[in-house]
Amino acid sequence: MAVFLFAFLGALALPLPTGSMMIAVGFFSSLGYFDFWWMLAIGVAGNVVGDHTGYWLAHRLGMRLMRFPGFRRFRQTKLLQVERQVLRHPGPVIVFTRFMTAVAPSVNIVAGLARMPYLSYTVYEVFGEALEVAVAIVLG
């Protein structure tokens, strides 16, 4: 439960070291404290639920979301730059930003604000999260 919650909150734009946590989970899995496959599933699920929460908040609330305290750190100019990249190259941008903890939440928000088709977003996002979490756990 703690792994899911930590991954969820980190994916939802809280400044948490989720990558480091996944590496630690991998290390403890190699020692037999955790099951590798179970931790992979929990880590991916937490990240995906957090990312989709950000997507849907932006999709539903639009630019009003930027007035909330946790989202004020996203600058308008940066959001426009990210939006151009997300709409131009959605697959690579979404997949590769999963490896950049500080950037991924803004991509989720921009995808929601830009009303990127949910199915496309989901396919790229789940693939990217599965890849990112697997790499981190294996490194551990």
# chains A, B, ... in the order shown; residues from 1 in each chain; ligands from 1
call {"tool": "residues_around", "arguments": {"residues": "Leu113 in chain A", "least_positions_apart": "5", "cutoff": "12 Å", "atoms": "only C-alpha atoms", "output": "list in words"}}
result
Gly54, Tyr55, Trp56, Leu57, Ala58, His59, Arg60, Leu61, Gly62, Met63, Arg64, Leu65, Met66, Leu79, Leu80, Val82, Glu83, Arg84, Val86, Leu87, Ser106, Val107, Asn108 and Tyr118 of chain A
call {"tool": "atom_distance", "arguments": {"atom1": "CA of Glu125 in chain A", "atom2": "CA of Gly140 in chain A"}}
result
22.6 Å
call {"tool": "residues_around", "arguments": {"residues": "Gly128 in chain A", "least_positions_apart": "2", "cutoff": "10 Å", "atoms": "only C-alpha atoms", "output": "PyMOL selection string"}}
result
chain A and resi 44+48+91-99+122-126+130-134
call {"tool": "select_by_dssp", "arguments": {"residues": "chain A", "states": "helix (DSSP H, G or I)", "output": "ChimeraX atom specification"}}
result
/A:2-11,18-30,36-67,69-71,76-88,90-97,104-113,118-139
call {"tool": "closest_residue", "arguments": {"among": "A:Ala111, A:Val49, A:Ile42, A:Met100", "to": "Ile137 in chain A", "atoms": "only C-alpha atoms"}}
result
A:Ile42
call {"tool": "residues_around", "arguments": {"residues": "range 2-7 of chain A", "least_positions_apart": "5", "cutoff": "12 Å", "atoms": "only C-alpha atoms", "output": "tab-separated table (two decimals) with N, CA and C atoms, in the first residue's frame"}}
result
chain	number	residue	atom	x	y	z
A	12	LEU	N	1.33	12.55	-9.17
A	12	LEU	CA	0.35	13.64	-9.12
A	12	LEU	C	1.01	15.00	-8.90
A	13	ALA	N	2.31	15.08	-9.08
A	13	ALA	CA	3.06	16.34	-9.05
A	13	ALA	C	3.62	16.72	-7.69
A	14	LEU	N	3.56	15.84	-6.71
A	14	LEU	CA	4.25	16.14	-5.45
A	14	LEU	C	5.73	15.81	-5.63
A	15	PRO	N	6.60	16.63	-5.09
A	15	PRO	CA	8.04	16.40	-5.29
A	15	PRO	C	8.57	15.24	-4.42
A	16	LEU	N	8.29	14.03	-4.85
A	16	LEU	CA	8.75	12.84	-4.13
A	16	LEU	C	9.72	12.06	-5.01
A	17	PRO	N	10.74	11.46	-4.43
A	17	PRO	CA	11.73	10.70	-5.21
A	17	PRO	C	11.23	9.29	-5.55
A	18	THR	N	10.24	9.21	-6.41
A	18	THR	CA	9.65	7.90	-6.73
A	18	THR	C	10.62	6.97	-7.43
A	19	GLY	N	11.49	7.53	-8.27
A	19	GLY	CA	12.48	6.69	-8.94
A	19	GLY	C	13.41	6.02	-7.94
A	20	SER	N	13.86	6.78	-6.97
A	20	SER	CA	14.73	6.23	-5.92
A	20	SER	C	13.99	5.19	-5.10
A	21	MET	N	12.72	5.43	-4.83
A	21	MET	CA	11.93	4.47	-4.08
A	21	MET	C	11.81	3.16	-4.85
A	22	MET	N	11.59	3.26	-6.18
A	22	MET	CA	11.46	2.04	-6.99
A	22	MET	C	12.78	1.27	-7.04
A	23	ILE	N	13.90	1.99	-7.06
A	23	ILE	CA	15.20	1.32	-7.02
A	23	ILE	C	15.36	0.58	-5.69
A	24	ALA	N	14.95	1.21	-4.60
A	24	ALA	CA	15.00	0.56	-3.28
A	24	ALA	C	14.09	-0.66	-3.24
A	25	VAL	N	12.92	-0.54	-3.83
A	25	VAL	CA	11.99	-1.68	-3.90
A	25	VAL	C	12.63	-2.83	-4.66
A	26	GLY	N	13.32	-2.51	-5.75
A	26	GLY	CA	14.02	-3.55	-6.51
A	26	GLY	C	15.11	-4.21	-5.70
A	34	PHE	N	10.40	-8.58	-0.99
A	34	PHE	CA	9.23	-8.30	-1.82
A	34	PHE	C	9.25	-9.22	-3.04
A	38	TRP	N	4.95	-8.47	-8.15
A	38	TRP	CA	3.92	-7.77	-7.37
A	38	TRP	C	4.29	-6.30	-7.21
A	39	MET	N	5.55	-6.02	-6.92
A	39	MET	CA	6.00	-4.64	-6.76
A	39	MET	C	5.96	-3.89	-8.10
A	40	LEU	N	6.28	-4.58	-9.18
A	40	LEU	CA	6.17	-3.97	-10.51
A	40	LEU	C	4.73	-3.55	-10.78
A	41	ALA	N	3.80	-4.45	-10.50
A	41	ALA	CA	2.38	-4.16	-10.73
A	41	ALA	C	1.90	-3.00	-9.85
A	42	ILE	N	2.28	-3.00	-8.58
A	42	ILE	CA	1.85	-1.96	-7.66
A	42	ILE	C	2.47	-0.61	-8.05
A	43	GLY	N	3.74	-0.61	-8.41
A	43	GLY	CA	4.40	0.63	-8.81
A	43	GLY	C	3.80	1.23	-10.07
A	44	VAL	N	3.55	0.37	-11.06
A	44	VAL	CA	2.93	0.84	-12.30
A	44	VAL	C	1.52	1.36	-12.02
A	45	ALA	N	0.76	0.62	-11.22
A	45	ALA	CA	-0.61	1.04	-10.91
A	45	ALA	C	-0.64	2.39	-10.20
A	46	GLY	N	0.23	2.58	-9.23
A	46	GLY	CA	0.26	3.86	-8.52
A	46	GLY	C	0.61	5.01	-9.44
A	47	ASN	N	1.61	4.81	-10.29
A	47	ASN	CA	2.00	5.86	-11.23
A	47	ASN	C	0.90	6.15	-12.24
A	48	VAL	N	0.28	5.10	-12.76
A	48	VAL	CA	-0.78	5.29	-13.76
A	48	VAL	C	-1.98	6.01	-13.16
A	49	VAL	N	-2.39	5.62	-11.97
A	49	VAL	CA	-3.55	6.27	-11.34
A	49	VAL	C	-3.23	7.74	-11.05
A	50	GLY	N	-2.02	8.03	-10.57
A	50	GLY	CA	-1.63	9.41	-10.33
A	50	GLY	C	-1.57	10.23	-11.61
A	51	ASP	N	-0.99	9.66	-12.66
A	51	ASP	CA	-0.91	10.36	-13.94
A	51	ASP	C	-2.29	10.62	-14.53
A	101	THR	N	10.98	12.62	-13.57
A	101	THR	CA	9.98	12.79	-12.52
A	101	THR	C	9.44	14.22	-12.45
A	129	GLU	N	5.08	4.05	-18.30
A	129	GLU	CA	5.19	3.77	-16.86
A	129	GLU	C	5.69	2.36	-16.61
A	132	GLU	N	9.39	2.47	-17.32
A	132	GLU	CA	10.13	3.23	-16.30
A	132	GLU	C	10.23	2.48	-14.99
A	133	VAL	N	9.12	1.93	-14.51
A	133	VAL	CA	9.13	1.21	-13.24
A	133	VAL	C	9.96	-0.08	-13.35
call {"tool": "closest_residue", "arguments": {"among": "A:Ser29, A:Val135, A:Gln85, A:Leu9", "to": "Val110 in chain A", "atoms": "only C-alpha atoms"}}
result
A:Gln85
